[in-house]
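upload07.json follows (JSON, C-alpha atoms):
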```json
[["chain", "number", "residue", "atom", "x", "y", "z"],
["A", 1, "MET", "CA", 3.03, 8.39, 113.37],
["A", 2, "ARG", "CA", -0.74, 8.88, 113.08],
["A", 3, "SER", "CA", -2.09, 12.39, 113.71],
["A", 4, "THR", "CA", -5.03, 10.77, 115.53],
["A", 5, "GLY", "CA", -2.75, 8.82, 117.89],
["A", 6, "TYR", "CA", -3.53, 10.99, 120.88],
["A", 7, "ARG", "CA", -7.28, 10.57, 120.31],
["A", 8, "PHE", "CA", -6.86, 6.80, 120.21],
["A", 9, "LEU", "CA", -4.90, 6.87, 123.47],
["A", 10, "LYS", "CA", -7.50, 9.13, 125.12],
["A", 11, "LYS", "CA", -10.27, 6.72, 124.18],
["A", 12, "ALA", "CA", -8.27, 3.75, 125.43],
["A", 13, "ILE", "CA", -7.60, 5.37, 128.83],
["A", 14, "LYS", "CA", -11.21, 6.58, 129.17],
["A", 15, "HIS", "CA", -12.48, 3.10, 128.38],
["A", 16, "LYS", "CA", -10.25, 1.57, 131.08],
["A", 17, "ILE", "CA", -11.50, 4.13, 133.61],
["A", 18, "HIS", "CA", -15.19, 3.64, 132.73],
["A", 19, "SER", "CA", -14.86, -0.16, 132.71],
["A", 20, "GLY", "CA", -13.12, -0.20, 136.09],
["A", 21, "ASP", "CA", -9.79, -1.54, 134.79],
["A", 22, "LEU", "CA", -8.30, 1.73, 136.03],
["A", 23, "LYS", "CA", -9.61, 2.87, 139.41],
["A", 24, "ASN", "CA", -9.34, 6.09, 141.38],
["A", 25, "ASN", "CA", -5.72, 6.96, 142.22],
["A", 26, "ASP", "CA", -4.28, 4.11, 140.11],
["A", 27, "LYS", "CA", -0.90, 5.02, 138.67],
["A", 28, "LEU", "CA", -0.50, 4.90, 134.89],
["A", 29, "PRO", "CA", 2.65, 3.56, 133.21],
["A", 30, "SER", "CA", 5.31, 6.17, 132.52],
["A", 31, "ILE", "CA", 5.00, 8.43, 129.49],
["A", 32, "ARG", "CA", 7.81, 6.55, 127.73],
["A", 33, "ASP", "CA", 6.30, 3.14, 128.55],
["A", 34, "MET", "CA", 2.93, 4.20, 127.13],
["A", 35, "ALA", "CA", 4.63, 5.54, 124.02],
["A", 36, "ARG", "CA", 6.33, 2.17, 123.50],
["A", 37, "SER", "CA", 3.17, 0.16, 124.24],
["A", 38, "TYR", "CA", 0.98, 2.13, 121.84],
["A", 39, "GLU", "CA", 3.75, 2.71, 119.29],
["A", 40, "ILE", "CA", 3.30, 6.47, 119.31],
["A", 41, "SER", "CA", 5.61, 9.34, 120.17],
["A", 42, "VAL", "CA", 6.27, 10.71, 123.64],
["A", 43, "ALA", "CA", 4.83, 14.04, 122.52],
["A", 44, "THR", "CA", 1.59, 12.32, 121.47],
["A", 45, "VAL", "CA", 1.26, 10.63, 124.87],
["A", 46, "GLN", "CA", 1.94, 13.93, 126.62],
["A", 47, "ARG", "CA", -0.81, 15.61, 124.60],
["A", 48, "ALA", "CA", -3.31, 12.87, 125.49],
["A", 49, "VAL", "CA", -2.39, 13.05, 129.19],
["A", 50, "ARG", "CA", -2.62, 16.85, 129.12],
["A", 51, "GLU", "CA", -6.11, 16.81, 127.61],
["A", 52, "LEU", "CA", -7.36, 14.05, 129.94],
["A", 53, "SER", "CA", -6.03, 16.05, 132.88],
["A", 54, "ARG", "CA", -7.91, 19.10, 131.66],
["A", 55, "GLU", "CA", -11.07, 16.99, 131.38],
["A", 56, "GLY", "CA", -10.67, 15.72, 134.94],
["A", 57, "TYR", "CA", -9.71, 12.11, 134.23],
["A", 58, "LEU", "CA", -6.03, 12.26, 135.22],
["A", 59, "HIS", "CA", -3.66, 14.29, 137.39],
["A", 60, "THR", "CA", 0.11, 14.45, 137.64],
["A", 61, "ARG", "CA", 2.02, 14.27, 140.90],
["A", 62, "ARG", "CA", 5.40, 15.94, 140.59],
["A", 63, "GLY", "CA", 8.15, 13.36, 140.67],
["A", 64, "LYS", "CA", 5.70, 10.46, 141.11],
["A", 65, "GLY", "CA", 3.85, 10.09, 137.82],
["A", 66, "VAL", "CA", 0.34, 10.25, 136.34],
["A", 67, "PHE", "CA", -2.65, 9.02, 138.32],
["A", 68, "VAL", "CA", -6.37, 8.50, 137.75],
["A", 69, "SER", "CA", -8.37, 11.32, 139.30],
["A", 70, "ALA", "CA", -11.27, 10.58, 141.63],
["A", 71, "GLN", "CA", -14.24, 10.18, 139.30],
["A", 72, "GLY", "CA", -17.52, 11.74, 140.23],
["A", 73, "LYS", "CA", -20.77, 10.18, 139.15],
["A", 74, "GLY", "CA", -20.56, 12.17, 135.94],
["A", 75, "THR", "CA", -23.14, 13.15, 133.36],
["A", 76, "VAL", "CA", -25.04, 10.43, 131.52],
["A", 77, "GLY", "CA", -26.13, 11.32, 128.02],
["A", 78, "ILE", "CA", -29.58, 10.21, 126.87],
["A", 79, "ILE", "CA", -29.71, 10.03, 123.08],
["A", 80, "ALA", "CA", -33.23, 10.18, 121.67],
["A", 81, "SER", "CA", -33.29, 9.60, 117.93],
["A", 82, "LYS", "CA", -36.11, 11.98, 117.22],
["A", 83, "PRO", "CA", -35.90, 15.56, 115.99],
["A", 84, "GLU", "CA", -36.10, 18.36, 118.56],
["A", 85, "GLY", "CA", -39.55, 18.75, 120.04],
["A", 86, "THR", "CA", -41.02, 15.49, 118.72],
["A", 87, "LEU", "CA", -40.31, 13.28, 121.75],
["A", 88, "ARG", "CA", -43.88, 13.28, 123.02],
["A", 89, "PHE", "CA", -44.58, 12.55, 126.66],
["A", 90, "ASP", "CA", -47.99, 11.04, 125.90],
["A", 91, "GLU", "CA", -46.25, 8.16, 124.16],
["A", 92, "MET", "CA", -44.12, 5.32, 125.52],
["A", 93, "PHE", "CA", -40.69, 6.86, 125.00],
["A", 94, "GLY", "CA", -41.47, 10.16, 126.70],
["A", 95, "PRO", "CA", -42.25, 8.50, 130.05],
["A", 96, "LEU", "CA", -39.24, 6.22, 129.53],
["A", 97, "VAL", "CA", -36.89, 9.20, 129.21],
["A", 98, "MET", "CA", -38.47, 10.90, 132.23],
["A", 99, "THR", "CA", -38.12, 7.74, 134.33],
["A", 100, "VAL", "CA", -34.48, 7.27, 133.31],
["A", 101, "GLN", "CA", -33.72, 10.88, 134.24],
["A", 102, "GLU", "CA", -35.36, 10.45, 137.66],
["A", 103, "VAL", "CA", -33.43, 7.24, 138.38],
["A", 104, "LEU", "CA", -30.15, 8.87, 137.36],
["A", 105, "LEU", "CA", -30.88, 11.85, 139.62],
["A", 106, "ASP", "CA", -31.65, 9.54, 142.55],
["A", 107, "GLN", "CA", -28.29, 7.83, 142.00],
["A", 108, "GLY", "CA", -26.38, 11.12, 141.97],
["A", 109, "HIS", "CA", -25.89, 11.42, 138.21],
["A", 110, "ASN", "CA", -26.61, 14.37, 136.01],
["A", 111, "SER", "CA", -28.41, 13.63, 132.74],
["A", 112, "LEU", "CA", -28.18, 15.40, 129.42],
["A", 113, "LEU", "CA", -30.83, 14.84, 126.75],
["A", 114, "MET", "CA", -29.18, 14.77, 123.33],
["A", 115, "GLN", "CA", -30.89, 14.64, 119.95],
["A", 116, "GLY", "CA", -29.48, 11.80, 117.86],
["A", 117, "ILE", "CA", -31.43, 13.12, 114.89],
["A", 118, "ARG", "CA", -31.78, 16.79, 113.99],
["A", 119, "GLU", "CA", -33.76, 18.75, 111.45],
["A", 120, "THR", "CA", -31.60, 21.09, 109.37],
["A", 121, "LYS", "CA", -32.03, 23.06, 106.17],
["A", 122, "GLU", "CA", -30.66, 20.02, 104.35],
["A", 123, "GLY", "CA", -33.24, 17.75, 105.98],
["A", 124, "ILE", "CA", -32.94, 15.16, 108.74],
["A", 125, "THR", "CA", -29.32, 14.57, 109.82],
["A", 126, "ILE", "CA", -27.68, 12.29, 112.38],
["A", 127, "THR", "CA", -25.70, 13.96, 115.14],
["A", 128, "PRO", "CA", -22.03, 13.04, 114.56],
["A", 129, "PRO", "CA", -20.43, 10.94, 117.32],
["A", 130, "SER", "CA", -17.64, 13.54, 117.48],
["A", 131, "GLU", "CA", -20.14, 16.13, 118.75],
["A", 132, "ILE", "CA", -21.35, 13.75, 121.44],
["A", 133, "GLU", "CA", -17.77, 12.98, 122.46],
["A", 134, "LYS", "CA", -17.09, 16.70, 123.02],
["A", 135, "LEU", "CA", -19.77, 16.71, 125.75],
["A", 136, "ASN", "CA", -17.66, 14.11, 127.61],
["A", 137, "PRO", "CA", -20.52, 11.93, 128.96],
["A", 138, "ALA", "CA", -19.65, 9.19, 131.45],
["A", 139, "ALA", "CA", -22.14, 6.87, 129.72],
["A", 140, "LEU", "CA", -24.84, 6.89, 127.05],
["A", 141, "ILE", "CA", -28.41, 5.59, 127.12],
["A", 142, "LEU", "CA", -30.03, 5.19, 123.70],
["A", 143, "VAL", "CA", -33.80, 5.64, 123.42],
["A", 144, "GLU", "CA", -35.65, 4.64, 120.23],
["A", 145, "THR", "CA", -32.34, 4.39, 118.38],
["A", 146, "TYR", "CA", -32.31, 1.50, 115.90],
["A", 147, "ASP", "CA", -29.53, 2.44, 113.46],
["A", 148, "PHE", "CA", -26.92, -0.27, 114.09],
["A", 149, "PRO", "CA", -24.06, 1.44, 112.17],
["A", 150, "TYR", "CA", -24.71, 4.60, 114.20],
["A", 151, "ILE", "CA", -24.76, 2.63, 117.46],
["A", 152, "TYR", "CA", -21.49, 0.98, 116.47],
["A", 153, "SER", "CA", -19.92, 4.38, 115.72],
["A", 154, "LEU", "CA", -20.95, 5.51, 119.22],
["A", 155, "LYS", "CA", -19.44, 2.35, 120.70],
["A", 156, "GLU", "CA", -16.15, 3.28, 119.04],
["A", 157, "LEU", "CA", -16.00, 6.35, 121.32],
["A", 158, "GLY", "CA", -15.15, 4.02, 124.21],
["A", 159, "ILE", "CA", -18.08, 5.26, 126.30],
["A", 160, "PRO", "CA", -20.31, 2.68, 128.08],
["A", 161, "ILE", "CA", -23.65, 2.37, 126.25],
["A", 162, "VAL", "CA", -27.04, 0.95, 127.15],
["A", 163, "ALA", "CA", -29.40, 0.49, 124.20],
["A", 164, "THR", "CA", -33.13, 0.40, 124.92],
["A", 165, "ASP", "CA", -35.81, -1.22, 122.77],
["A", 166, "VAL", "CA", -33.30, -2.96, 120.52],
["A", 167, "ASP", "CA", -30.90, -5.87, 121.02],
["A", 168, "CYS", "CA", -27.37, -4.70, 120.19],
["A", 169, "SER", "CA", -25.57, -7.37, 122.18],
["A", 170, "GLU", "CA", -23.81, -8.62, 119.04],
["A", 171, "LEU", "CA", -22.13, -5.21, 118.82],
["A", 172, "GLY", "CA", -20.92, -5.54, 122.40],
["A", 173, "VAL", "CA", -23.52, -3.02, 123.59],
["A", 174, "HIS", "CA", -25.56, -3.77, 126.71],
["A", 175, "SER", "CA", -29.22, -3.90, 125.69],
["A", 176, "VAL", "CA", -32.51, -3.58, 127.53],
["A", 177, "PHE", "CA", -35.37, -4.01, 125.08],
["A", 178, "PHE", "CA", -39.07, -3.86, 125.87],
["A", 179, "ASP", "CA", -41.19, -5.06, 122.95],
["A", 180, "ASN", "CA", -40.74, -8.76, 123.61],
["A", 181, "ILE", "CA", -41.95, -11.64, 125.73],
["A", 182, "GLY", "CA", -38.89, -11.77, 127.97],
["A", 183, "SER", "CA", -39.00, -8.15, 129.12],
["A", 184, "ALA", "CA", -42.72, -8.30, 129.93],
["A", 185, "PHE", "CA", -42.15, -11.54, 131.83],
["A", 186, "ILE", "CA", -39.36, -9.97, 133.91],
["A", 187, "LEU", "CA", -41.42, -6.85, 134.67],
["A", 188, "THR", "CA", -44.43, -8.89, 135.76],
["A", 189, "ASP", "CA", -42.27, -11.34, 137.71],
["A", 190, "THR", "CA", -40.67, -8.39, 139.55],
["A", 191, "LEU", "CA", -44.10, -7.10, 140.57],
["A", 192, "ILE", "CA", -45.04, -10.58, 141.81],
["A", 193, "ALA", "CA", -41.79, -10.78, 143.79],
["A", 194, "ARG", "CA", -42.75, -7.51, 145.48],
["A", 195, "GLY", "CA", -45.97, -9.06, 146.76],
["A", 196, "HIS", "CA", -48.49, -8.19, 144.05],
["A", 197, "THR", "CA", -50.93, -10.98, 143.21],
["A", 198, "ASP", "CA", -53.63, -8.98, 141.40],
["A", 199, "ILE", "CA", -52.01, -7.44, 138.32],
["A", 200, "VAL", "CA", -53.72, -6.11, 135.21],
["A", 201, "PHE", "CA", -52.24, -5.62, 131.73],
["A", 202, "LEU", "CA", -53.35, -2.58, 129.72],
["A", 203, "GLY", "CA", -52.10, -2.30, 126.14],
["A", 204, "GLY", "CA", -53.12, -0.76, 122.86],
["A", 205, "LEU", "CA", -54.12, -2.06, 119.45],
["A", 206, "ARG", "CA", -53.61, 0.50, 116.74],
["A", 207, "LYS", "CA", -56.30, 1.93, 114.48],
["A", 208, "THR", "CA", -54.65, 2.51, 111.12],
["A", 209, "THR", "CA", -55.29, 2.03, 107.42],
["A", 210, "VAL", "CA", -51.67, 0.96, 106.85],
["A", 211, "PRO", "CA", -51.49, -2.83, 107.39],
["A", 212, "GLU", "CA", -47.71, -2.85, 107.96],
["A", 213, "GLU", "CA", -47.95, -0.30, 110.79],
["A", 214, "ARG", "CA", -50.75, -2.20, 112.50],
["A", 215, "ALA", "CA", -48.99, -5.56, 112.18],
["A", 216, "SER", "CA", -45.75, -4.21, 113.66],
["A", 217, "TYR", "CA", -47.36, -2.43, 116.60],
["A", 218, "ASP", "CA", -49.93, -5.14, 117.38],
["A", 219, "MET", "CA", -47.20, -7.79, 117.35],
["A", 220, "SER", "CA", -45.31, -5.87, 120.04],
["A", 221, "VAL", "CA", -48.44, -5.61, 122.19],
["A", 222, "ASN", "CA", -49.17, -9.31, 121.81],
["A", 223, "GLN", "CA", -45.61, -10.23, 122.78],
["A", 224, "ARG", "CA", -45.90, -8.15, 125.94],
["A", 225, "VAL", "CA", -49.24, -9.82, 126.72],
["A", 226, "ASP", "CA", -47.66, -13.25, 126.26],
["A", 227, "GLY", "CA", -44.84, -12.35, 128.67],
["A", 228, "PHE", "CA", -47.34, -11.03, 131.20],
["A", 229, "ARG", "CA", -49.46, -14.19, 131.01],
["A", 230, "LEU", "CA", -46.45, -16.51, 131.23],
["A", 231, "ALA", "CA", -45.24, -14.82, 134.44],
["A", 232, "MET", "CA", -48.69, -14.86, 136.00],
["A", 233, "GLU", "CA", -49.32, -18.52, 135.10],
["A", 234, "HIS", "CA", -45.84, -19.50, 136.30],
["A", 235, "ALA", "CA", -46.74, -18.01, 139.71],
["A", 236, "GLY", "CA", -50.16, -19.68, 139.71],
["A", 237, "LEU", "CA", -52.00, -16.36, 139.42],
["A", 238, "ASP", "CA", -54.91, -15.18, 137.28],
["A", 239, "ALA", "CA", -53.51, -14.31, 133.86],
["A", 240, "GLY", "CA", -56.81, -13.18, 132.38],
["A", 241, "ASN", "CA", -56.76, -9.52, 133.47],
["A", 242, "VAL", "CA", -55.86, -8.13, 130.04],
["A", 243, "VAL", "CA", -57.50, -4.95, 128.74],
["A", 244, "TYR", "CA", -56.90, -3.88, 125.14],
["A", 245, "VAL", "CA", -57.18, -0.26, 124.00],
["A", 246, "GLN", "CA", -58.33, 0.29, 120.44],
["A", 247, "GLY", "CA", -56.25, 3.23, 119.36],
["A", 248, "GLY", "CA", -52.71, 2.80, 120.58],
["A", 249, "ARG", "CA", -50.82, 3.81, 123.68],
["A", 250, "GLY", "CA", -51.97, 7.43, 123.78],
["A", 251, "GLY", "CA", -55.00, 9.50, 122.99],
["A", 252, "PRO", "CA", -58.60, 9.67, 124.27],
["A", 253, "GLU", "CA", -59.23, 5.93, 123.80],
["A", 254, "TYR", "CA", -56.46, 5.10, 126.27],
["A", 255, "ARG", "CA", -57.78, 7.58, 128.82],
["A", 256, "GLU", "CA", -61.31, 6.20, 128.39],
["A", 257, "ALA", "CA", -60.07, 2.63, 128.91],
["A", 258, "LEU", "CA", -58.27, 3.71, 132.08],
["A", 259, "ASN", "CA", -61.35, 5.42, 133.47],
["A", 260, "ASN", "CA", -63.50, 2.40, 132.65],
["A", 261, "LEU", "CA", -60.96, 0.12, 134.32],
["A", 262, "PHE", "CA", -60.83, 2.18, 137.53],
["A", 263, "SER", "CA", -64.63, 2.37, 137.70],
["A", 264, "SER", "CA", -65.22, -1.30, 136.86],
["A", 265, "GLY", "CA", -64.52, -2.57, 140.34],
["A", 266, "MET", "CA", -61.82, -4.93, 139.06],
["A", 267, "LYS", "CA", -59.46, -5.78, 141.90],
["A", 268, "PHE", "CA", -55.81, -5.02, 141.10],
["A", 269, "THR", "CA", -52.81, -3.59, 142.95],
["A", 270, "ALA", "CA", -50.39, -3.18, 140.02],
["A", 271, "MET", "CA", -50.55, -2.53, 136.30],
["A", 272, "VAL", "CA", -48.31, -3.46, 133.37],
["A", 273, "THR", "CA", -48.88, -0.77, 130.77],
["A", 274, "GLU", "CA", -47.27, 1.23, 127.99],
["A", 275, "ASN", "CA", -48.04, 4.67, 129.34],
["A", 276, "PRO", "CA", -47.33, 4.95, 133.10],
["A", 277, "LEU", "CA", -47.36, 8.75, 132.90],
["A", 278, "LEU", "CA", -50.96, 8.77, 131.65],
["A", 279, "VAL", "CA", -51.93, 6.31, 134.40],
["A", 280, "VAL", "CA", -50.50, 8.63, 137.06],
["A", 281, "PHE", "CA", -52.25, 11.63, 135.47],
["A", 282, "THR", "CA", -55.59, 9.81, 135.39],
["A", 283, "ILE", "CA", -55.32, 8.75, 139.04],
["A", 284, "SER", "CA", -54.30, 12.22, 140.20],
["A", 285, "SER", "CA", -57.12, 13.93, 138.28]]
```
Please express what this file holds, its structure, as structure tokens.
Amino acid sequence: MRSTGYRFLKKAIKHKIHSGDLKNNDKLPSIRDMARSYEISVATVQRAVRELSREGYLHTRRGKGVFVSAQGKGTVGIIASKPEGTLRFDEMFGPLVMTVQEVLLDQGHNSLLMQGIRETKEGITITPPSEIEKLNPAALILVETYDFPYIYSLKELGIPIVATDVDCSELGVHSVFFDNIGSAFILTDTLIARGHTDIVFLGGLRKTTVPEERASYDMSVNQRVDGFRLAMEHAGLDAGNVVYVQGGRGGPEYREALNNLFSSGMKFTAMVTENPLLVVFTISS
């Protein structure tokens, strides 16, 4: 018998609950049946059921068996793979995290911002999946997390995961990634479907002396521009309203470009941009 058998069974039951295979008030097989199915001891099954009951996933009805407890919306963990204090809100990922938190709140979820990378005396370390599991999140949203082995180790926890800004579909992880033609097309197409016909694209081109950094960032901007133009042209709309910012998605150059755009008299009702938070700040000030 494996000493980790009860952990395996806990993960399996949690996964069935999160995926909807087990619904509120569904009855689980008997303790002995689960022991036979998973080839573990009765005592191991009892331990798993006991811990899941303590965590609010299961409850026992005397003489009737073990049932799935009514699941609340639960807490969604947001894993940002940057050391504490470096997730800047004048860059793209800061507004992304803020938007995700607001959407979760509107839907009745709590959100917990977790640091996937931490600074320690030994240097930069990755937060172990076991520490994340202890927080018992109902789901995980990964922000600026590109380490595929780490993402796979999180998937092994049996918790639903959404990866942003990277395609992890081959790992069986639902992915929503932004730096590509398709995502910009969908965003622009959604604005068009909501009645917008005058849409402007505002994106940055980086000033840097490191060619590799510039090539990587500028390629992402150009892919978003291509997606924007494809959606506009597909709808028969003007695809020429593209404004580039020399200096990236943040900083004084971006603010200057915004001010120039608002004072130019250009007619637009919606904007596709990398820094919505800065746009809101500029309008409000």
Quick one: residues within 9 Å of range 260-269 of chain A, only C-alpha atoms, excluding same-chain residues fewer than 3 positions away - as a compact mmCIF listing (two decimals) with C-alpha atoms, in the coordinates of the input?
```txt
# COMPACT_ATOMS: atom_id res chain seq x y z
CA HIS A 196 -48.49 -8.19 144.05
CA THR A 197 -50.93 -10.98 143.21
CA ASP A 198 -53.63 -8.98 141.40
CA ILE A 199 -52.01 -7.44 138.32
CA VAL A 200 -53.72 -6.11 135.21
CA ASN A 241 -56.76 -9.52 133.47
CA VAL A 243 -57.50 -4.95 128.74
CA ARG A 255 -57.78 7.58 128.82
CA GLU A 256 -61.31 6.20 128.39
CA ALA A 257 -60.07 2.63 128.91
CA ILE A 283 -55.32 8.75 139.04
```
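Of note, CA of Leu230 in chain A and CA of Ala270 in chain A are spaced 16.4 Å apart.
CA of Lys14 in chain A lies 16.9 Å from CA of Ser30 in chain A.
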task = Have a look at A:Ala48, A:Gln246, A:Ala184, A:Thr208 and name the one nearest to Met271 in chain A; count all atoms listed in the file.
result = A:Ala184
message = If we draw a sphere of 7 Å around (-54.4, -11.3, 132.5), which residues have at least one atom in it when counting all atoms listed in the file? Please report them as a list in words.
response =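 Here the neighbourhood of the point contains Val200, Phe201, Arg229, Asp238, Ala239, Gly240, Asn241 and Val242 of chain A.
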ask   = When you draw a straight line from CA of Ala138 in chain A to CA of Tyr38 in chain A, how long is it in Å?
value =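 Distance between the two atoms: 23.8 Å.
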Among listed residues A:Val245, A:Val76, A:Val210, A:Leu52, nearest Val162 in chain A (using all atoms listed in the file) =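 Among the listed residues, A:Val76 lies closest to Val162 in chain A.
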inquiry  = Residues within 10 Å of Gly65 in chain A, please, as a ChimeraX atom specification. Count only C-alpha atoms; anything in the same chain fewer than 2 positions from it doesn't count.
reply    = /A:27-31,59-63,67
Shell around Glu144 in chain A at 7 Å using all atoms listed in the file, local window under 3 positions removed, as a PDB file with C-alpha atoms, in the frame of the given file:
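Output contents, as saved in around-v2.pdb:
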```pdb
ATOM      1  CA  ALA A  80     -33.230  10.180 121.670  1.00  0.00           C
ATOM      2  CA  SER A  81     -33.290   9.600 117.930  1.00  0.00           C
ATOM      3  CA  THR A 164     -33.130   0.400 124.920  1.00  0.00           C
ATOM      4  CA  ASP A 165     -35.810  -1.220 122.770  1.00  0.00           C
TER       5      ASP A 165
END
```
request  = List the neighbours of range 145-160 of chain A out to 12 Å using only C-alpha atoms; skip same-chain residues closer than 6 positions along the sequence, and give me the result as a ChimeraX atom specification.
outcome  = /A:7-20,75-83,93,114-117,125-139,166-175,177
task = Please identify all polymer residues within 9 Å of Asn222 in chain A, counting all atoms listed in the file, omitting same-chain residues fewer than 6 positions from it, and present them as number ranges by chain.
result = A: 180-181, 203
Nearest to Thr188 in chain A, chosen from A:Val143, A:Leu258, A:Val221, A:Leu237, with only C-alpha atoms counted in the distances =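 Checking each of A:Val143, A:Leu258, A:Val221, A:Leu237 against Thr188 in chain A, counting only C-alpha atoms, the winner is A:Leu237.
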key: From A:Val225, A:Ile192, A:Ala231, A:Leu202, residue lying nearest Glu274 in chain A [all atoms listed in the file]   =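 Smallest separation from Glu274 in chain A among the options: A:Leu202.
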Rebuild range 25-41 of chain A so that it carries N, CA, C and O atoms, then output the result as a short mmCIF file (atom, residue, chain, number, x, y, z; two decimals), in the coordinates of the input.
```cif
data_model
loop_
_atom_site.label_atom_id
_atom_site.label_comp_id
_atom_site.auth_asym_id
_atom_site.auth_seq_id
_atom_site.Cartn_x
_atom_site.Cartn_y
_atom_site.Cartn_z
N ASN A 25 -7.08 6.88 141.67
CA ASN A 25 -5.72 6.96 142.22
C ASN A 25 -4.78 5.87 141.72
O ASN A 25 -3.65 5.77 142.21
N ASP A 26 -5.22 5.04 140.74
CA ASP A 26 -4.28 4.11 140.11
C ASP A 26 -3.22 4.88 139.35
O ASP A 26 -3.50 5.91 138.73
N LYS A 27 -1.99 4.36 139.39
CA LYS A 27 -0.90 5.02 138.67
C LYS A 27 -0.79 4.45 137.26
O LYS A 27 -0.83 3.22 137.07
N LEU A 28 -0.68 5.33 136.27
CA LEU A 28 -0.50 4.90 134.89
C LEU A 28 0.96 4.55 134.64
O LEU A 28 1.85 5.00 135.39
N PRO A 29 1.24 3.76 133.60
CA PRO A 29 2.65 3.56 133.21
C PRO A 29 3.30 4.90 132.88
O PRO A 29 2.62 5.90 132.64
N SER A 30 4.60 4.92 132.84
CA SER A 30 5.31 6.17 132.52
C SER A 30 4.98 6.62 131.10
O SER A 30 4.51 5.83 130.28
N ILE A 31 5.24 7.88 130.82
CA ILE A 31 5.00 8.43 129.49
C ILE A 31 5.73 7.62 128.43
O ILE A 31 5.18 7.26 127.39
N ARG A 32 7.01 7.29 128.71
CA ARG A 32 7.81 6.55 127.73
C ARG A 32 7.28 5.12 127.56
O ARG A 32 7.26 4.60 126.44
N ASP A 33 6.85 4.50 128.65
CA ASP A 33 6.30 3.14 128.55
C ASP A 33 5.02 3.13 127.72
O ASP A 33 4.79 2.22 126.92
N MET A 34 4.15 4.14 127.92
CA MET A 34 2.93 4.20 127.13
C MET A 34 3.24 4.45 125.66
O MET A 34 2.57 3.90 124.77
N ALA A 35 4.24 5.28 125.40
CA ALA A 35 4.63 5.54 124.02
C ALA A 35 5.09 4.25 123.34
O ALA A 35 4.74 3.98 122.18
N ARG A 36 5.88 3.44 124.07
CA ARG A 36 6.33 2.17 123.50
C ARG A 36 5.17 1.20 123.31
O ARG A 36 5.05 0.54 122.27
N SER A 37 4.27 1.12 124.30
CA SER A 37 3.17 0.16 124.24
C SER A 37 2.22 0.46 123.09
O SER A 37 1.74 -0.45 122.41
N TYR A 38 1.94 1.75 122.87
CA TYR A 38 0.98 2.13 121.84
C TYR A 38 1.64 2.51 120.52
O TYR A 38 0.96 2.89 119.56
N GLU A 39 2.99 2.41 120.50
CA GLU A 39 3.75 2.71 119.29
C GLU A 39 3.45 4.11 118.76
O GLU A 39 3.16 4.31 117.57
N ILE A 40 3.48 5.07 119.66
CA ILE A 40 3.30 6.47 119.31
C ILE A 40 4.41 7.26 119.97
O ILE A 40 5.17 6.73 120.80
N SER A 41 4.52 8.54 119.64
CA SER A 41 5.61 9.34 120.17
C SER A 41 5.33 9.79 121.59
O SER A 41 4.18 9.82 122.05
#
```
